[in-house]
>>> print(open('start_25.cif').read())   # mmCIF, C-alpha atoms
data_upload
loop_
_atom_site.label_atom_id
_atom_site.label_comp_id
_atom_site.auth_asym_id
_atom_site.auth_seq_id
_atom_site.Cartn_x
_atom_site.Cartn_y
_atom_site.Cartn_z
CA MET A 19 65.80 138.61 120.09
CA SER A 20 66.40 138.14 116.36
CA ARG A 21 64.00 138.10 113.43
CA VAL A 22 64.64 134.88 111.51
CA LEU A 23 63.43 133.44 108.20
CA VAL A 24 63.99 129.73 107.51
CA THR A 25 63.33 128.05 104.16
CA GLY A 26 62.49 124.35 103.95
CA ALA A 27 61.07 124.77 107.44
CA SER A 28 58.33 122.13 107.39
CA SER A 29 60.55 119.11 108.03
CA GLY A 30 64.04 117.83 108.67
CA LEU A 31 66.77 120.27 109.62
CA GLY A 32 64.55 123.25 108.80
CA ALA A 33 61.91 122.21 111.33
CA ALA A 34 64.60 121.49 113.93
CA LEU A 35 66.16 124.91 113.40
CA VAL A 36 62.79 126.62 113.73
CA ALA A 37 62.14 124.80 117.00
CA LYS A 38 65.54 125.83 118.37
CA PHE A 39 65.13 129.47 117.38
CA VAL A 40 61.63 129.64 118.86
CA ALA A 41 62.78 127.96 122.08
CA GLU A 42 65.39 130.70 122.47
CA GLY A 43 62.76 133.40 122.08
CA HIS A 44 63.43 134.55 118.54
CA GLN A 45 60.74 135.60 116.06
CA VAL A 46 60.65 133.05 113.25
CA LEU A 47 59.00 133.07 109.84
CA SER A 48 58.78 129.49 108.60
CA THR A 49 58.63 129.05 104.83
CA ASP A 50 58.16 126.03 102.60
CA ILE A 51 56.25 124.94 99.49
CA ALA A 52 53.09 123.78 101.30
CA GLU A 53 50.04 126.01 101.17
CA ASP A 54 49.76 126.26 104.95
CA GLY A 55 52.40 125.59 107.55
CA GLY A 56 50.80 126.91 110.69
CA THR A 57 51.55 130.02 112.72
CA THR A 58 53.87 132.65 111.19
CA TYR A 59 54.22 130.77 107.94
CA LEU A 60 54.65 131.90 104.35
CA LYS A 61 54.56 129.74 101.26
CA LEU A 62 57.89 130.12 99.49
CA ASP A 63 59.16 128.09 96.56
CA VAL A 64 62.88 128.88 96.32
CA ARG A 65 62.67 128.48 92.52
CA ARG A 66 60.27 131.45 92.20
CA PRO A 67 61.76 134.98 92.38
CA GLU A 68 58.27 136.39 93.02
CA ASP A 69 58.00 134.26 96.19
CA TRP A 70 61.28 135.73 97.39
CA GLU A 71 60.03 139.24 96.68
CA ALA A 72 56.92 138.48 98.73
CA ALA A 73 59.08 137.22 101.60
CA VAL A 74 61.14 140.41 101.64
CA SER A 75 57.95 142.48 101.64
CA TRP A 76 56.49 140.40 104.49
CA CYS A 77 59.58 140.92 106.64
CA GLU A 78 59.63 144.66 105.97
CA GLN A 79 55.91 145.15 106.59
CA ASN A 80 55.58 142.91 109.66
CA TRP A 81 59.00 143.18 111.29
CA GLY A 82 60.60 146.24 109.76
CA GLY A 83 63.50 144.09 108.52
CA LEU A 84 65.28 140.77 109.09
CA ASP A 85 68.26 139.69 111.17
CA ILE A 86 68.95 136.09 110.06
CA LEU A 87 68.17 134.47 106.70
CA VAL A 88 68.55 130.68 106.72
CA ASN A 89 68.67 129.29 103.17
CA ASN A 90 67.98 125.68 104.12
CA ALA A 91 65.60 124.25 101.50
CA GLY A 92 67.04 121.46 99.37
CA ILE A 93 66.71 117.99 97.94
CA ALA A 94 68.88 114.87 97.90
CA THR A 95 70.20 113.62 94.60
CA GLY A 96 73.16 111.90 93.05
CA GLY A 97 74.26 109.17 90.71
CA ARG A 98 76.97 108.09 88.35
CA ILE A 99 77.85 110.66 85.72
CA ASP A 100 76.74 108.45 82.83
CA VAL A 101 73.49 107.39 84.53
CA GLU A 102 72.03 110.48 86.17
CA THR A 103 70.07 112.48 83.59
CA LEU A 104 70.55 116.11 82.62
CA ASP A 105 66.99 116.82 83.75
CA GLU A 106 68.00 115.63 87.23
CA TRP A 107 71.00 117.96 87.10
CA ASP A 108 68.76 120.86 86.13
CA ARG A 109 66.41 120.15 89.04
CA VAL A 110 69.07 119.99 91.74
CA VAL A 111 70.91 123.05 90.42
CA ASP A 112 67.64 125.01 90.36
CA ILE A 113 66.70 124.10 93.93
CA ASN A 114 69.93 123.49 95.87
CA LEU A 115 72.15 126.13 94.27
CA MET A 116 70.00 128.71 92.51
CA GLY A 117 67.47 128.59 95.38
CA VAL A 118 70.24 129.85 97.67
CA VAL A 119 71.39 132.40 95.09
CA ARG A 120 67.85 133.77 94.79
CA GLY A 121 67.52 134.07 98.56
CA CYS A 122 70.82 135.91 98.92
CA ARG A 123 69.97 138.25 96.04
CA ALA A 124 66.52 138.98 97.42
CA PHE A 125 67.61 139.94 100.93
CA THR A 126 71.01 141.54 100.29
CA PRO A 127 69.56 144.98 99.45
CA LEU A 128 67.65 144.95 102.76
CA PHE A 129 70.73 143.87 104.71
CA LYS A 130 72.81 146.57 103.02
CA ARG A 131 70.28 149.24 103.98
CA GLN A 132 70.21 147.95 107.55
CA ARG A 133 74.01 147.70 107.68
CA SER A 134 73.40 144.40 109.46
CA GLY A 135 72.21 140.85 108.90
CA HIS A 136 73.36 137.24 108.92
CA ILE A 137 73.01 134.88 105.95
CA VAL A 138 73.18 131.17 106.85
CA ASN A 139 73.40 128.81 103.88
CA THR A 140 72.90 125.08 104.36
CA ALA A 141 75.39 123.21 102.21
CA SER A 142 76.74 119.76 103.17
CA ALA A 143 79.94 117.91 103.91
CA ALA A 144 79.60 117.12 100.20
CA GLY A 145 80.47 120.75 99.58
CA LEU A 146 83.89 120.16 101.15
CA VAL A 147 84.67 116.52 100.31
CA HIS A 148 83.53 114.90 97.09
CA PRO A 149 82.75 111.17 97.14
CA PRO A 150 82.23 109.34 93.84
CA MET A 151 78.74 108.75 92.41
CA MET A 152 77.51 112.08 93.78
CA SER A 153 78.52 114.47 91.00
CA SER A 154 75.42 116.65 90.95
CA TYR A 155 75.02 116.88 94.73
CA ASN A 156 78.73 117.53 95.32
CA THR A 157 78.74 120.19 92.62
CA VAL A 158 75.79 122.21 93.91
CA LYS A 159 76.90 122.00 97.54
CA ALA A 160 80.43 123.06 96.63
CA GLY A 161 78.79 125.94 94.78
CA VAL A 162 76.93 126.95 97.93
CA VAL A 163 80.22 126.94 99.86
CA ALA A 164 81.87 129.08 97.16
CA LEU A 165 78.93 131.50 97.06
CA SER A 166 78.98 131.81 100.84
CA GLU A 167 82.70 132.54 100.99
CA THR A 168 82.35 135.13 98.23
CA LEU A 169 79.53 136.89 100.03
CA SER A 170 81.33 136.75 103.38
CA HIS A 171 83.93 139.09 101.85
CA GLU A 172 81.61 141.06 99.57
CA LEU A 173 79.11 141.95 102.29
CA TYR A 174 81.58 142.46 105.15
CA PRO A 175 81.79 146.24 104.55
CA TYR A 176 78.02 146.41 105.10
CA GLY A 177 78.14 144.65 108.48
CA VAL A 178 76.61 141.45 107.08
CA THR A 179 77.85 138.08 108.36
CA VAL A 180 77.72 134.89 106.26
CA SER A 181 77.88 131.28 107.49
CA VAL A 182 77.76 128.00 105.60
CA VAL A 183 76.61 124.77 107.27
CA CYS A 184 78.28 121.51 106.20
CA PRO A 185 76.90 118.42 107.99
CA SER A 186 77.44 114.79 107.06
CA PHE A 187 74.52 112.33 106.90
CA PHE A 188 71.91 112.65 109.64
CA ARG A 189 68.42 111.21 110.13
CA THR A 190 65.79 113.20 108.27
CA ASN A 191 63.14 112.79 105.61
CA LEU A 192 65.57 114.15 102.99
CA ALA A 193 65.77 110.64 101.53
CA ASP A 194 62.14 111.01 100.41
CA SER A 195 63.29 113.58 97.84
CA ILE A 196 65.65 111.10 96.17
CA ARG A 197 64.52 110.08 92.74
CA GLY A 198 66.22 109.53 89.43
CA ALA A 199 67.76 107.14 86.97
CA ASP A 200 70.52 105.81 89.23
CA SER A 201 68.34 103.84 91.64
CA ALA A 202 71.29 101.90 93.08
CA MET A 203 73.03 105.06 94.23
CA GLY A 204 69.74 106.42 95.55
CA ALA A 205 69.25 103.33 97.69
CA THR A 206 72.76 103.70 99.12
CA ALA A 207 72.14 107.36 100.01
CA ARG A 208 68.83 106.48 101.67
CA GLN A 209 70.54 103.86 103.83
CA LEU A 210 73.25 106.30 104.93
CA ILE A 211 70.65 108.91 105.89
CA GLU A 212 68.25 106.60 107.70
CA LYS A 213 70.93 104.68 109.65
CA SER A 214 72.90 107.71 110.83
CA PRO A 215 73.26 107.97 114.62
CA ARG A 216 72.74 111.76 114.36
CA SER A 217 69.35 113.47 114.36
CA ALA A 218 68.26 116.77 112.83
CA ASP A 219 67.95 118.10 116.37
CA ASP A 220 71.61 117.26 117.06
CA ILE A 221 72.69 119.15 113.95
CA ALA A 222 70.41 122.13 114.69
CA THR A 223 71.91 122.52 118.18
CA ALA A 224 75.41 122.74 116.73
CA VAL A 225 74.28 125.10 113.97
CA LEU A 226 72.77 127.60 116.41
CA ALA A 227 75.97 127.52 118.46
CA GLY A 228 77.94 128.34 115.31
CA ILE A 229 75.56 131.16 114.36
CA LYS A 230 75.95 132.75 117.80
CA LYS A 231 79.73 132.71 117.37
CA LYS A 232 79.36 134.09 113.82
CA ARG A 233 81.48 131.30 112.39
CA PHE A 234 81.83 131.22 108.64
CA LEU A 235 82.26 127.43 108.33
CA ILE A 236 79.94 125.47 110.59
CA ILE A 237 80.77 121.76 110.55
CA PRO A 238 78.25 120.40 113.07
CA ASP A 239 79.35 116.77 113.45
CA ARG A 240 82.53 114.76 113.92
CA PRO A 241 82.40 112.60 110.75
CA ALA A 242 82.14 115.71 108.55
CA ALA A 243 84.98 117.39 110.44
CA MET A 244 87.18 114.30 110.18
CA ALA A 245 86.56 113.94 106.45
CA TRP A 246 87.40 117.60 105.90
CA ARG A 247 90.60 117.36 107.95
CA THR A 248 91.66 114.18 106.14
CA LYS A 249 91.28 115.88 102.77
CA ARG A 250 93.22 118.94 103.91
CA PHE A 251 96.03 117.29 105.85
CA ALA A 252 96.25 113.67 104.61
CA ARG A 253 95.31 113.93 100.94
CA PRO A 254 96.78 110.56 99.86
CA LEU A 255 94.68 108.79 102.52
CA TYR A 256 91.59 110.73 101.43
CA ASP A 257 92.15 109.81 97.77
CA ARG A 258 92.58 106.12 98.66
CA GLN A 259 89.32 106.12 100.60
CA MET A 260 87.41 107.76 97.76
CA ARG A 261 88.82 105.35 95.19
CA LYS A 262 87.95 102.34 97.33
CA ILE A 263 84.35 103.56 97.36
CA ALA A 264 84.44 103.91 93.59
CA GLU A 265 85.94 100.46 93.12
CA ARG A 266 83.27 98.82 95.27
CA ALA A 267 80.61 100.61 93.23
CA ARG A 268 82.21 99.38 89.99
CA GLN A 269 82.19 95.81 91.24
CA ARG A 270 78.56 96.01 92.29
CA ALA A 271 77.55 97.52 88.96
CA GLU A 272 79.40 94.87 86.95
CA THR A 273 77.98 92.08 89.07
CA SER A 274 74.42 93.32 88.67
CA ASN A 275 74.89 93.78 84.94
CA GLY A 276 76.46 90.37 84.60
#
>>> encode(input="start_25.cif", output="structure tokens")
Amino acid sequence: MSRVLVTGASSGLGAALVAKFVAEGHQVLSTDIAEDGGTTYLKLDVRRPEDWEAAVSWCEQNWGGLDILVNNAGIATGGRIDVETLDEWDRVVDINLMGVVRGCRAFTPLFKRQRSGHIVNTASAAGLVHPPMMSSYNTVKAGVVALSETLSHELYPYGVTVSVVCPSFFRTNLADSIRGADSAMGATARQLIEKSPRSADDIATAVLAGIKKKRFLIIPDRPAAMAWRTKRFARPLYDRQMRKIAERARQRAETSNG
């Protein structure tokens, strides 16, 4: 039985992961930004270092340590580079990238002392493949992948495992976090999320399987895996697909402006 902390645990993939861990008999501390999330819950805003310090203290005082840290909290964002504002960039970097950095920094000293632990960072297929009109989201998720790979080597001598989760679109309330200047791109992202045939529960099942096998790269669905393979092994085809998406967006933008 493992001791597990999950951020962004009140909804979406976070809630599905909590349910899976609990069903398998693990001890789970759910964290999110709400004041009260029910049993074994701690308010944790990933932007606040003091909240992370409190989470480490809670785990040490109540459990004597931690086995699995799941940095899952995040928001959806995106837009064309000349439309999305710098304030929007700041927000998504602070939550989606620096939130993960803060979590890893907070718990690494504990994991080093234990000579054990498993960090699981939720990124996205957007961390591996980079569609147009998603500059900010692609950038932060690629950063999470890079951070995870770095730590997988850096923390290996201490017996700490690192995994990064890279799903494609799946049904969740993540679309509710979309806001910003590029409303057209936001509407497209919402449609892709809400019409996906995959649920958060489907993704969570695959993620737990990957965690058990201590995989570094967990790609929990076929579309994400196919996109990643296409980029790696058929780059001209990948580039053509990305540029077709960009061309369709250009046509829509010019038509709406005309």
>>> residues_around(input="start_25.cif", residues="Ile263 of chain A", least_positions_apart="2", cutoff="12 Å", atoms="all atoms listed in the file", output="list in words")
His148, Pro149, Pro150, Met151, Met152, Met203, Thr206, Tyr256, Asp257, Arg258, Gln259, Met260, Arg261, Glu265, Arg266, Ala267, Arg268, Gln269 and Arg270 of chain A
>>> write_last_selection(input="start_25.cif", atoms="C-alpha atoms", output="CSV table (one decimal), keeping the file's coordinate frame")
chain,number,residue,atom,x,y,z
A,148,HIS,CA,83.5,114.9,97.1
A,149,PRO,CA,82.8,111.2,97.1
A,150,PRO,CA,82.2,109.3,93.8
A,151,MET,CA,78.7,108.8,92.4
A,152,MET,CA,77.5,112.1,93.8
A,203,MET,CA,73.0,105.1,94.2
A,206,THR,CA,72.8,103.7,99.1
A,256,TYR,CA,91.6,110.7,101.4
A,257,ASP,CA,92.2,109.8,97.8
A,258,ARG,CA,92.6,106.1,98.7
A,259,GLN,CA,89.3,106.1,100.6
A,260,MET,CA,87.4,107.8,97.8
A,261,ARG,CA,88.8,105.4,95.2
A,265,GLU,CA,85.9,100.5,93.1
A,266,ARG,CA,83.3,98.8,95.3
A,267,ALA,CA,80.6,100.6,93.2
A,268,ARG,CA,82.2,99.4,90.0
A,269,GLN,CA,82.2,95.8,91.2
A,270,ARG,CA,78.6,96.0,92.3
>>> closest_residue(input="start_25.cif", among="A:Glu78, A:Glu68, A:Glu167, A:Glu272", to="Ala141 of chain A", atoms="all atoms listed in the file")
A:Glu167
>>> closest_residue(input="start_25.cif", among="A:Thr57, A:Ser153, A:Asn139, A:Gln132", to="Leu104 of chain A", atoms="all atoms listed in the file")
A:Ser153
>>> closest_residue(input="start_25.cif", among="A:Asn156, A:Ser170, A:Val64, A:Leu84", to="Gly97 of chain A", atoms="only C-alpha atoms")
A:Asn156
>>> resolve_selection(input="start_25.cif", expression="the PyMOL selection byres ((chain A and resi 232-236) around 12)", output="number ranges by chain")
A: 86, 135-143, 145-146, 162-171, 174, 177-186, 221-231, 237-240, 242-243, 246
>>> closest_residue(input="start_25.cif", among="A:Ala252, A:Leu128, A:Ala144, A:Leu62", to="Tyr176 of chain A", atoms="all atoms listed in the file")
A:Leu128
>>> closest_residue(input="start_25.cif", among="A:Thr126, A:Ser20, A:Asn114, A:Ser75", to="Ala94 of chain A", atoms="all atoms listed in the file")
A:Asn114
>>> resolve_selection(input="start_25.cif", expression="the PyMOL selection byres ((chain A and resi 107) around 12)", output="MDAnalysis selection string")
chainID A and resid 93:106 108:115 152:158 197:199
>>> atom_distance(input="start_25.cif", atom1="atom CA of Asp69 of chain A", atom2="atom CA of Leu31 of chain A")
21.3 Å
>>> closest_residue(input="start_25.cif", among="A:Val36, A:Ala218, A:Leu87, A:Leu173", to="Val118 of chain A", atoms="all atoms listed in the file")
A:Leu87
>>> atom_distance(input="start_25.cif", atom1="atom CA of Met19 of chain A", atom2="atom CA of Val46 of chain A")
10.2 Å
>>> resolve_selection(input="start_25.cif", expression="the PyMOL selection byres ((chain A and resi 29) around 10)", output="MDAnalysis selection string")
chainID A and resid 26:28 30:36 50 91 190:192 218
>>> axis_aligned_box(input="start_25.cif", around="segment 224-228 of chain A", padding_each_side="4 Å", output="AutoDock Vina command-line options")
--center_x 75.4 --center_y 125.5 --center_z 116.2 --size_x 13.2 --size_y 13.6 --size_z 12.5
>>> atom_distance(input="start_25.cif", atom1="atom CA of Lys159 of chain A", atom2="atom CA of Met116 of chain A")
10.9 Å
>>> build_atoms(input="start_25.cif", residues="segment 134-145 of chain A", atoms="all heavy atoms", output="compact mmCIF listing (two decimals), in the frame of the given file")
# COMPACT_ATOMS: atom_id res chain seq x y z
N SER A 134 73.34 145.55 108.55
CA SER A 134 73.40 144.40 109.46
C SER A 134 72.65 143.23 108.83
O SER A 134 71.85 143.41 107.91
CB SER A 134 72.78 144.73 110.82
OG SER A 134 71.38 144.93 110.69
N GLY A 135 72.89 142.04 109.37
CA GLY A 135 72.21 140.85 108.90
C GLY A 135 73.16 139.66 108.93
O GLY A 135 74.38 139.82 109.00
N HIS A 136 72.57 138.48 108.89
CA HIS A 136 73.36 137.24 108.92
C HIS A 136 72.72 136.26 107.94
O HIS A 136 71.56 135.90 108.10
CB HIS A 136 73.38 136.66 110.33
CG HIS A 136 74.40 135.59 110.54
ND1 HIS A 136 74.89 135.26 111.79
CD2 HIS A 136 75.04 134.75 109.67
CE1 HIS A 136 75.77 134.28 111.68
NE2 HIS A 136 75.86 133.95 110.39
N ILE A 137 73.46 135.88 106.91
CA ILE A 137 73.01 134.88 105.95
C ILE A 137 73.61 133.54 106.35
O ILE A 137 74.83 133.42 106.51
CB ILE A 137 73.45 135.24 104.52
CG1 ILE A 137 72.81 136.55 104.07
CG2 ILE A 137 73.10 134.11 103.55
CD1 ILE A 137 73.35 137.07 102.74
N VAL A 138 72.75 132.53 106.51
CA VAL A 138 73.18 131.17 106.85
C VAL A 138 72.74 130.25 105.73
O VAL A 138 71.54 130.06 105.51
CB VAL A 138 72.58 130.71 108.20
CG1 VAL A 138 73.07 129.31 108.54
CG2 VAL A 138 72.92 131.70 109.31
N ASN A 139 73.69 129.69 105.00
CA ASN A 139 73.40 128.81 103.88
C ASN A 139 73.69 127.36 104.24
O ASN A 139 74.81 127.04 104.66
CB ASN A 139 74.23 129.21 102.66
CG ASN A 139 73.89 130.59 102.14
OD1 ASN A 139 72.74 131.01 102.23
ND2 ASN A 139 74.87 131.30 101.60
N THR A 140 72.69 126.51 104.10
CA THR A 140 72.90 125.08 104.36
C THR A 140 73.51 124.43 103.13
O THR A 140 72.88 124.35 102.08
CB THR A 140 71.58 124.37 104.71
OG1 THR A 140 71.04 124.95 105.91
CG2 THR A 140 71.81 122.89 104.94
N ALA A 141 74.74 123.98 103.27
CA ALA A 141 75.39 123.21 102.21
C ALA A 141 75.42 121.75 102.67
O ALA A 141 74.38 121.17 102.96
CB ALA A 141 76.79 123.75 101.93
N SER A 142 76.60 121.16 102.78
CA SER A 142 76.74 119.76 103.17
C SER A 142 78.22 119.47 103.28
O SER A 142 79.06 120.18 102.70
CB SER A 142 76.10 118.86 102.10
OG SER A 142 76.50 117.51 102.25
N ALA A 143 78.56 118.38 103.97
CA ALA A 143 79.94 117.91 103.91
C ALA A 143 80.34 117.64 102.46
O ALA A 143 81.52 117.74 102.10
CB ALA A 143 80.10 116.65 104.75
N ALA A 144 79.35 117.34 101.62
CA ALA A 144 79.60 117.12 100.20
C ALA A 144 80.05 118.38 99.48
O ALA A 144 80.53 118.31 98.35
CB ALA A 144 78.35 116.57 99.52
N GLY A 145 79.92 119.52 100.13
CA GLY A 145 80.47 120.75 99.58
C GLY A 145 81.95 120.90 99.84
O GLY A 145 82.61 121.75 99.23
